[in-house]
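Visitor: So here's input-v6.cif, just mmCIF, C-alpha atoms:
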data_target
#
loop_
_atom_site.group_PDB
_atom_site.id
_atom_site.type_symbol
_atom_site.label_atom_id
_atom_site.label_comp_id
_atom_site.auth_asym_id
_atom_site.auth_seq_id
_atom_site.Cartn_x
_atom_site.Cartn_y
_atom_site.Cartn_z
ATOM 1 C CA MET B 1 -167.184 186.728 56.058
ATOM 2 C CA THR B 2 -170.648 185.238 56.116
ATOM 3 C CA ALA B 3 -173.745 187.392 56.379
ATOM 4 C CA GLU B 4 -174.449 185.865 59.805
ATOM 5 C CA ILE B 5 -171.038 186.867 61.202
ATOM 6 C CA THR B 6 -171.286 190.330 59.625
ATOM 7 C CA GLU B 7 -174.606 190.845 61.363
ATOM 8 C CA LEU B 8 -173.241 189.566 64.676
ATOM 9 C CA PHE B 9 -170.285 191.968 64.389
ATOM 10 C CA LYS B 10 -172.723 194.859 63.906
ATOM 11 C CA GLN B 11 -174.745 193.770 66.917
ATOM 12 C CA ALA B 12 -171.559 193.334 68.975
ATOM 13 C CA ARG B 13 -170.371 196.897 68.229
ATOM 14 C CA LYS B 14 -173.706 198.217 69.439
ATOM 15 C CA GLY B 15 -173.863 195.891 72.450
ATOM 16 C CA GLU B 16 -177.044 194.334 71.106
ATOM 17 C CA LEU B 17 -176.178 190.630 71.291
ATOM 18 C CA SER B 18 -178.592 188.473 73.250
ATOM 19 C CA LYS B 19 -177.820 188.160 76.971
ATOM 20 C CA ASP B 20 -177.211 184.426 76.584
ATOM 21 C CA PHE B 21 -174.737 184.832 73.678
ATOM 22 C CA ASP B 22 -171.706 182.608 74.269
ATOM 23 C CA GLN B 23 -169.987 182.144 70.905
ATOM 24 C CA TRP B 24 -167.206 184.642 71.538
ATOM 25 C CA GLU B 25 -164.779 182.759 69.277
ATOM 26 C CA MET B 26 -166.896 183.254 66.111
ATOM 27 C CA SER B 27 -164.541 185.109 63.803
ATOM 28 C CA ASP B 28 -163.676 186.386 60.383
ATOM 29 C CA LYS B 29 -160.970 184.786 58.183
ATOM 30 C CA ASP B 30 -158.234 186.532 60.211
ATOM 31 C CA GLY B 31 -159.511 185.174 63.502
ATOM 32 C CA TRP B 32 -160.918 188.539 64.642
ATOM 33 C CA SER B 33 -163.722 187.391 66.882
ATOM 34 C CA ILE B 34 -166.996 188.653 68.244
ATOM 35 C CA GLY B 35 -165.192 188.826 71.581
ATOM 36 C CA HIS B 36 -162.539 191.154 70.105
ATOM 37 C CA VAL B 37 -165.254 193.506 68.847
ATOM 38 C CA MET B 38 -167.006 193.483 72.198
ATOM 39 C CA ALA B 39 -163.719 194.100 74.039
ATOM 40 C CA ARG B 40 -162.897 197.103 71.864
ATOM 41 C CA TRP B 41 -166.239 198.735 72.565
ATOM 42 C CA ASP B 42 -166.406 197.707 76.249
ATOM 43 C CA LYS B 43 -169.499 195.595 75.664
ATOM 44 C CA LEU B 44 -168.371 192.284 77.213
ATOM 45 C CA PRO B 45 -170.531 190.958 80.032
ATOM 46 C CA LYS B 46 -169.150 191.318 83.560
ATOM 47 C CA SER B 47 -168.867 187.531 83.841
ATOM 48 C CA PHE B 48 -166.675 187.213 80.705
ATOM 49 C CA ASP B 49 -163.604 185.035 81.282
ATOM 50 C CA GLN B 50 -162.344 183.903 77.865
ATOM 51 C CA TRP B 51 -159.542 186.448 77.537
ATOM 52 C CA ALA B 52 -157.210 184.041 75.684
ATOM 53 C CA ILE B 53 -159.346 183.709 72.540
ATOM 54 C CA ALA B 54 -156.959 185.019 69.895
ATOM 55 C CA ASP B 55 -156.849 185.997 66.235
ATOM 56 C CA ASN B 56 -154.435 184.412 63.755
ATOM 57 C CA ASN B 57 -151.535 186.483 65.147
ATOM 58 C CA GLY B 58 -152.255 185.552 68.733
ATOM 59 C CA TRP B 59 -153.770 188.952 69.577
ATOM 60 C CA SER B 60 -156.255 187.978 72.243
ATOM 61 C CA ILE B 61 -159.489 189.449 73.453
ATOM 62 C CA GLY B 62 -157.510 190.433 76.539
ATOM 63 C CA HIS B 63 -154.990 192.357 74.414
ATOM 64 C CA GLU B 64 -157.802 194.265 72.737
ATOM 65 C CA ALA B 65 -159.495 195.061 76.043
ATOM 66 C CA ALA B 66 -156.153 196.215 77.534
ATOM 67 C CA LEU B 67 -155.457 198.467 74.564
ATOM 68 C CA HIS B 68 -158.759 200.273 75.099
ATOM 69 C CA ASP B 69 -158.663 200.216 78.925
ATOM 70 C CA ASN B 70 -161.606 197.837 79.065
ATOM 71 C CA LEU B 71 -160.295 195.102 81.343
ATOM 72 C CA PRO B 72 -162.180 194.354 84.550
ATOM 73 C CA GLU B 73 -160.694 195.572 87.835
ATOM 74 C CA ASP B 74 -159.938 192.027 88.973
ATOM 75 C CA PHE B 75 -158.129 190.989 85.764
ATOM 76 C CA ASN B 76 -155.002 188.925 86.504
ATOM 77 C CA GLN B 77 -153.908 187.189 83.282
ATOM 78 C CA TRP B 78 -151.236 189.760 82.406
ATOM 79 C CA GLU B 79 -148.820 187.128 81.012
ATOM 80 C CA LEU B 80 -151.095 185.964 78.152
ATOM 81 C CA ALA B 81 -149.064 186.696 75.030
ATOM 82 C CA ASP B 82 -149.444 186.846 71.260
ATOM 83 C CA LYS B 83 -147.221 185.002 68.761
ATOM 84 C CA ASP B 84 -144.464 187.588 69.248
ATOM 85 C CA SER B 85 -144.609 187.135 73.044
ATOM 86 C CA TRP B 86 -146.178 190.576 73.589
ATOM 87 C CA SER B 87 -148.316 190.147 76.685
ATOM 88 C CA ILE B 88 -151.588 191.708 77.689
ATOM 89 C CA GLY B 89 -149.599 193.537 80.356
ATOM 90 C CA HIS B 90 -147.296 195.029 77.696
ATOM 91 C CA SER B 91 -150.314 196.379 75.805
ATOM 92 C CA ALA B 92 -151.867 197.872 78.922
ATOM 93 C CA ALA B 93 -148.555 199.442 80.047
ATOM 94 C CA LEU B 94 -147.820 200.975 76.664
ATOM 95 C CA PHE B 95 -151.009 203.010 76.833
ATOM 96 C CA GLY B 96 -151.049 203.668 80.579
ATOM 97 C CA ASN B 97 -153.921 201.278 81.208
ATOM 98 C CA LEU B 98 -152.538 199.217 84.086
ATOM 99 C CA PRO B 99 -154.254 199.281 87.466
ATOM 100 C CA LYS B 100 -152.679 201.491 90.129
ATOM 101 C CA ASP B 101 -151.656 198.487 92.232
ATOM 102 C CA PHE B 102 -150.018 196.588 89.346
ATOM 103 C CA ASP B 103 -146.941 194.640 90.495
ATOM 104 C CA ARG B 104 -146.005 192.247 87.678
ATOM 105 C CA TRP B 105 -143.468 194.518 85.943
ATOM 106 C CA GLU B 106 -141.002 191.649 85.326
ATOM 107 C CA ILE B 107 -143.164 189.789 82.770
ATOM 108 C CA ALA B 108 -141.046 189.914 79.620
ATOM 109 C CA ASN B 109 -141.264 189.030 75.947
ATOM 110 C CA LYS B 110 -138.804 186.729 74.150
ATOM 111 C CA ASP B 111 -136.250 189.563 73.974
ATOM 112 C CA GLY B 112 -136.468 190.270 77.673
ATOM 113 C CA TRP B 113 -138.432 193.478 77.165
ATOM 114 C CA SER B 114 -140.521 193.711 80.316
ATOM 115 C CA ILE B 115 -143.892 195.246 80.972
ATOM 116 C CA ALA B 116 -141.928 197.983 82.749
ATOM 117 C CA HIS B 117 -140.036 198.693 79.493
ATOM 118 C CA ALA B 118 -143.389 199.087 77.714
ATOM 119 C CA GLY B 119 -144.560 201.485 80.418
ATOM 120 C CA ALA B 120 -141.334 203.479 80.270
ATOM 121 C CA LEU B 121 -141.625 203.957 76.521
ATOM 122 C CA HIS B 122 -144.438 206.498 76.964
ATOM 123 C CA ASP B 123 -143.723 207.614 80.545
ATOM 124 C CA ASN B 124 -146.440 205.363 81.952
ATOM 125 C CA LEU B 125 -144.620 204.135 85.030
ATOM 126 C CA PRO B 126 -146.268 204.934 88.343
ATOM 127 C CA GLU B 127 -144.906 207.332 90.903
ATOM 128 C CA GLY B 128 -142.627 205.383 93.214
ATOM 129 C CA PHE B 129 -141.653 202.822 90.565
ATOM 130 C CA ASN B 130 -138.464 201.114 91.789
ATOM 131 C CA GLN B 131 -137.568 198.275 89.415
ATOM 132 C CA TRP B 132 -135.214 200.303 87.231
ATOM 133 C CA GLU B 133 -132.758 197.381 86.929
ATOM 134 C CA LEU B 134 -135.134 195.163 84.896
ATOM 135 C CA ALA B 135 -133.159 194.494 81.714
ATOM 136 C CA ASP B 136 -133.775 193.070 78.263
ATOM 137 C CA LYS B 137 -131.468 190.516 76.594
ATOM 138 C CA ASP B 138 -128.975 193.276 75.712
ATOM 139 C CA GLY B 139 -128.940 194.552 79.258
ATOM 140 C CA GLN B 140 -130.903 197.703 78.475
ATOM 141 C CA THR B 141 -132.660 198.513 81.715
ATOM 142 C CA VAL B 142 -135.929 200.290 82.268
ATOM 143 C CA ALA B 143 -133.804 203.179 83.532
ATOM 144 C CA HIS B 144 -131.930 203.339 80.196
ATOM 145 C CA LEU B 145 -135.211 203.622 78.328
ATOM 146 C CA SER B 146 -136.607 206.233 80.701
ATOM 147 C CA ALA B 147 -133.350 208.202 80.494
ATOM 148 C CA SER B 148 -133.438 208.185 76.686
ATOM 149 C CA ARG B 149 -136.923 209.694 76.880
ATOM 150 C CA GLY B 150 -135.999 212.246 79.548
ATOM 151 C CA ASN B 151 -138.366 210.630 82.015
ATOM 152 C CA LEU B 152 -136.275 209.648 85.006
ATOM 153 C CA PRO B 153 -137.956 210.769 88.215
ATOM 154 C CA ASP B 154 -136.648 213.378 90.601
ATOM 155 C CA GLY B 155 -134.283 211.729 93.038
ATOM 156 C CA PHE B 156 -133.207 208.950 90.677
ATOM 157 C CA ASP B 157 -129.914 207.575 92.014
ATOM 158 C CA GLN B 158 -129.032 204.391 90.122
ATOM 159 C CA TRP B 159 -126.610 205.991 87.666
ATOM 160 C CA GLU B 160 -124.296 202.946 87.775
ATOM 161 C CA LEU B 161 -126.797 200.626 86.048
ATOM 162 C CA CYS B 162 -125.255 199.505 82.785
ATOM 163 C CA ASP B 163 -126.151 197.360 79.800
ATOM 164 C CA ASN B 164 -124.153 194.373 78.528
ATOM 165 C CA ASP B 165 -121.623 196.721 76.890
ATOM 166 C CA GLY B 166 -121.064 198.850 79.992
ATOM 167 C CA TRP B 167 -123.285 201.708 78.793
ATOM 168 C CA THR B 168 -124.544 203.488 81.916
ATOM 169 C CA ILE B 169 -127.568 205.646 82.598
ATOM 170 C CA THR B 170 -125.309 208.696 82.522
ATOM 171 C CA HIS B 171 -124.146 207.721 79.007
ATOM 172 C CA GLU B 172 -127.794 207.405 77.978
ATOM 173 C CA ILE B 173 -128.689 210.832 79.314
ATOM 174 C CA ALA B 174 -125.681 212.429 77.652
ATOM 175 C CA GLN B 175 -126.418 210.812 74.285
ATOM 176 C CA TYR B 176 -129.961 212.109 74.267
ATOM 177 C CA ASN B 177 -129.011 215.596 75.509
ATOM 178 C CA ARG B 178 -130.911 215.138 78.741
ATOM 179 C CA ILE B 179 -127.946 215.999 80.956
ATOM 180 C CA LEU B 180 -128.781 219.722 81.151
ATOM 181 C CA ARG B 181 -132.260 218.969 82.386
ATOM 182 C CA HIS B 182 -130.849 216.876 85.213
ATOM 183 C CA ASN B 183 -128.084 219.345 86.048
ATOM 184 C CA LYS B 184 -130.551 222.217 86.337
ATOM 185 C CA ARG B 185 -132.387 220.288 89.019
ATOM 186 C CA GLY B 186 -129.105 219.414 90.708
ATOM 187 C CA GLU B 187 -129.681 215.671 90.624
ATOM 188 C CA MET B 188 -126.521 214.459 89.001
#
Could you show the structure in this file as structure tokens?
Guide:
Amino acid sequence: MTAEITELFKQARKGELSKDFDQWEMSDKDGWSIGHVMARWDKLPKSFDQWAIADNNGWSIGHEAALHDNLPEDFNQWELADKDSWSIGHSAALFGNLPKDFDRWEIANKDGWSIAHAGALHDNLPEGFNQWELADKDGQTVAHLSASRGNLPDGFDQWELCDNDGWTITHEIAQYNRILRHNKRGEM
């Protein structure tokens, strides 16, 4: 990395770049850009709109901002994806950083794993979530993933959902010893 870029990275971390700075794509040998640094530290200007600038693996400035909950309120490019088809929405969902009114749960990677699957992995689905049937290429639904984690909501009633092999939500709960939890609440 050149001395100039090293200095710009330092300034970016501190939010000390000039107000007219516009070379967000300046990067190190791996493609990690000034914009990525600014996104991580929530130092991007309010007018920033170059979310798709990506490093060598396709990890965009938007991905970095989503990871650290630094996307603007009006952000709407949830489908932008890296080389492995992991979208900005997946990153935000995984860490519970989606806006409260988010409604693009069906955006999926190449394996059919939806943003809802990413949210379910760490119990980051909102109250009232109702797209339990979203399935990956193997038919594993969001409900299967939530069941395996013991995170199905009270009142869940889609026990018949099954994957491509006929594995139901009830099977999933039983395999992960979650059945007692549900029986104690009288939901099954």
Visitor: I'd like the residues picked by the PyMOL selection byres ((chain B and resi 110) around 9) written out as a list in words, using the chain letters and numbers from the file.
Guide: Asp84, Ser85, Trp86, Ala108, Asn109, Asp111, Gly112, Trp113 and Lys137 of chain B
Visitor: From the list B:Met38, B:Leu121, B:Ala92, B:Ala116, which residue is nearest Asp136 in chain B when using all atoms listed in the file?
Guide: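 Of B:Met38, B:Leu121, B:Ala92, B:Ala116, the one nearest Asp136 in chain B, counting all atoms listed in the file, is B:Ala116.
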Visitor: Using the chain letters and numbers from the file, give me the residues hit by the PyMOL selection byres ((chain B and resi 76) around 12), as number ranges by chain.
Guide: B: 49, 51, 62, 66, 71-75, 77-80, 87-89, 98-99, 101-104
Visitor: Next, the residues of the selection above should be written as an mmCIF file, in the coordinates of the input with C-alpha atoms.
Guide:
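Result saved to result.cif:
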data_model
loop_
_atom_site.group_PDB
_atom_site.id
_atom_site.type_symbol
_atom_site.label_atom_id
_atom_site.label_comp_id
_atom_site.auth_asym_id
_atom_site.auth_seq_id
_atom_site.Cartn_x
_atom_site.Cartn_y
_atom_site.Cartn_z
ATOM 1 C CA ASP B 49 -163.604 185.035 81.282
ATOM 2 C CA TRP B 51 -159.542 186.448 77.537
ATOM 3 C CA GLY B 62 -157.510 190.433 76.539
ATOM 4 C CA ALA B 66 -156.153 196.215 77.534
ATOM 5 C CA LEU B 71 -160.295 195.102 81.343
ATOM 6 C CA PRO B 72 -162.180 194.354 84.550
ATOM 7 C CA GLU B 73 -160.694 195.572 87.835
ATOM 8 C CA ASP B 74 -159.938 192.027 88.973
ATOM 9 C CA PHE B 75 -158.129 190.989 85.764
ATOM 10 C CA GLN B 77 -153.908 187.189 83.282
ATOM 11 C CA TRP B 78 -151.236 189.760 82.406
ATOM 12 C CA GLU B 79 -148.820 187.128 81.012
ATOM 13 C CA LEU B 80 -151.095 185.964 78.152
ATOM 14 C CA SER B 87 -148.316 190.147 76.685
ATOM 15 C CA ILE B 88 -151.588 191.708 77.689
ATOM 16 C CA GLY B 89 -149.599 193.537 80.356
ATOM 17 C CA LEU B 98 -152.538 199.217 84.086
ATOM 18 C CA PRO B 99 -154.254 199.281 87.466
ATOM 19 C CA ASP B 101 -151.656 198.487 92.232
ATOM 20 C CA PHE B 102 -150.018 196.588 89.346
ATOM 21 C CA ASP B 103 -146.941 194.640 90.495
ATOM 22 C CA ARG B 104 -146.005 192.247 87.678
#
Visitor: So, with only C-alpha atoms as the atoms that count, which of B:Gly128, B:Gly150, B:Gly58, B:Gly15 lies closest to Pro45 in chain B?
Guide: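 Ranking B:Gly128, B:Gly150, B:Gly58, B:Gly15 by distance to Pro45 in chain B, first place goes to B:Gly15.
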Visitor: At what distance in Å, to one decimal, does CA of Ile53 in chain B lie from CA of Asp28 in chain B?
Guide: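 Distance between the two atoms: 13.2 Å.
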Visitor: Find the spatial neighbours of Asp165 in chain B, counting only C-alpha atoms, within a cut-off of 12 Å - ignore same-chain residues fewer than 4 positions away - and output them as a PyMOL selection string.
Guide: chain B and resi 137-140+161+171
Visitor: Taking the partial coordinates given, rebuild range 140-159 of chain B to contain N, CA and C atoms; return it as a PDB file, in the frame of the given file.
Guide:
ATOM      1  N   GLN B 140    -130.301 196.377  78.375  1.00  0.00           N
ATOM      2  CA  GLN B 140    -130.903 197.703  78.475  1.00  0.00           C
ATOM      3  C   GLN B 140    -131.948 197.669  79.586  1.00  0.00           C
ATOM      4  N   THR B 141    -131.743 198.482  80.579  1.00  0.00           N
ATOM      5  CA  THR B 141    -132.660 198.513  81.715  1.00  0.00           C
ATOM      6  C   THR B 141    -133.831 199.455  81.452  1.00  0.00           C
ATOM      7  N   VAL B 142    -134.802 199.366  82.315  1.00  0.00           N
ATOM      8  CA  VAL B 142    -135.929 200.290  82.268  1.00  0.00           C
ATOM      9  C   VAL B 142    -135.402 201.712  82.465  1.00  0.00           C
ATOM     10  N   ALA B 143    -134.398 201.861  83.303  1.00  0.00           N
ATOM     11  CA  ALA B 143    -133.804 203.179  83.532  1.00  0.00           C
ATOM     12  C   ALA B 143    -133.178 203.732  82.254  1.00  0.00           C
ATOM     13  N   HIS B 144    -132.499 202.882  81.468  1.00  0.00           N
ATOM     14  CA  HIS B 144    -131.930 203.339  80.196  1.00  0.00           C
ATOM     15  C   HIS B 144    -133.023 203.915  79.297  1.00  0.00           C
ATOM     16  N   LEU B 145    -134.125 203.181  79.191  1.00  0.00           N
ATOM     17  CA  LEU B 145    -135.211 203.622  78.328  1.00  0.00           C
ATOM     18  C   LEU B 145    -135.823 204.921  78.840  1.00  0.00           C
ATOM     19  N   SER B 146    -136.062 204.996  80.128  1.00  0.00           N
ATOM     20  CA  SER B 146    -136.607 206.233  80.701  1.00  0.00           C
ATOM     21  C   SER B 146    -135.648 207.404  80.513  1.00  0.00           C
ATOM     22  N   ALA B 147    -134.354 207.148  80.679  1.00  0.00           N
ATOM     23  CA  ALA B 147    -133.350 208.202  80.494  1.00  0.00           C
ATOM     24  C   ALA B 147    -133.345 208.698  79.052  1.00  0.00           C
ATOM     25  N   SER B 148    -133.458 207.782  78.098  1.00  0.00           N
ATOM     26  CA  SER B 148    -133.438 208.185  76.686  1.00  0.00           C
ATOM     27  C   SER B 148    -134.642 209.044  76.331  1.00  0.00           C
ATOM     28  N   ARG B 149    -135.695 208.922  77.102  1.00  0.00           N
ATOM     29  CA  ARG B 149    -136.923 209.694  76.880  1.00  0.00           C
ATOM     30  C   ARG B 149    -136.992 210.938  77.759  1.00  0.00           C
ATOM     31  N   GLY B 150    -135.997 211.105  78.641  1.00  0.00           N
ATOM     32  CA  GLY B 150    -135.999 212.246  79.548  1.00  0.00           C
ATOM     33  C   GLY B 150    -137.018 212.102  80.661  1.00  0.00           C
ATOM     34  N   ASN B 151    -137.293 210.866  81.050  1.00  0.00           N
ATOM     35  CA  ASN B 151    -138.366 210.630  82.015  1.00  0.00           C
ATOM     36  C   ASN B 151    -137.924 209.986  83.322  1.00  0.00           C
ATOM     37  N   LEU B 152    -136.677 210.157  83.698  1.00  0.00           N
ATOM     38  CA  LEU B 152    -136.275 209.648  85.006  1.00  0.00           C
ATOM     39  C   LEU B 152    -136.884 210.545  86.085  1.00  0.00           C
ATOM     40  N   PRO B 153    -137.304 209.956  87.178  1.00  0.00           N
ATOM     41  CA  PRO B 153    -137.956 210.769  88.215  1.00  0.00           C
ATOM     42  C   PRO B 153    -136.956 211.600  89.019  1.00  0.00           C
ATOM     43  N   ASP B 154    -137.460 212.605  89.651  1.00  0.00           N
ATOM     44  CA  ASP B 154    -136.648 213.378  90.601  1.00  0.00           C
ATOM     45  C   ASP B 154    -136.117 212.406  91.643  1.00  0.00           C
ATOM     46  N   GLY B 155    -134.880 212.581  92.018  1.00  0.00           N
ATOM     47  CA  GLY B 155    -134.283 211.729  93.038  1.00  0.00           C
ATOM     48  C   GLY B 155    -133.719 210.420  92.520  1.00  0.00           C
ATOM     49  N   PHE B 156    -133.769 210.189  91.216  1.00  0.00           N
ATOM     50  CA  PHE B 156    -133.207 208.950  90.677  1.00  0.00           C
ATOM     51  C   PHE B 156    -131.735 208.868  91.079  1.00  0.00           C
ATOM     52  N   ASP B 157    -131.289 207.679  91.528  1.00  0.00           N
ATOM     53  CA  ASP B 157    -129.914 207.575  92.014  1.00  0.00           C
ATOM     54  C   ASP B 157    -129.190 206.289  91.595  1.00  0.00           C
ATOM     55  N   GLN B 158    -129.659 205.639  90.555  1.00  0.00           N
ATOM     56  CA  GLN B 158    -129.032 204.391  90.122  1.00  0.00           C
ATOM     57  C   GLN B 158    -128.227 204.592  88.832  1.00  0.00           C
ATOM     58  N   TRP B 159    -127.385 205.605  88.847  1.00  0.00           N
ATOM     59  CA  TRP B 159    -126.610 205.991  87.666  1.00  0.00           C
ATOM     60  C   TRP B 159    -125.656 204.901  87.208  1.00  0.00           C
TER      61      TRP B 159
END
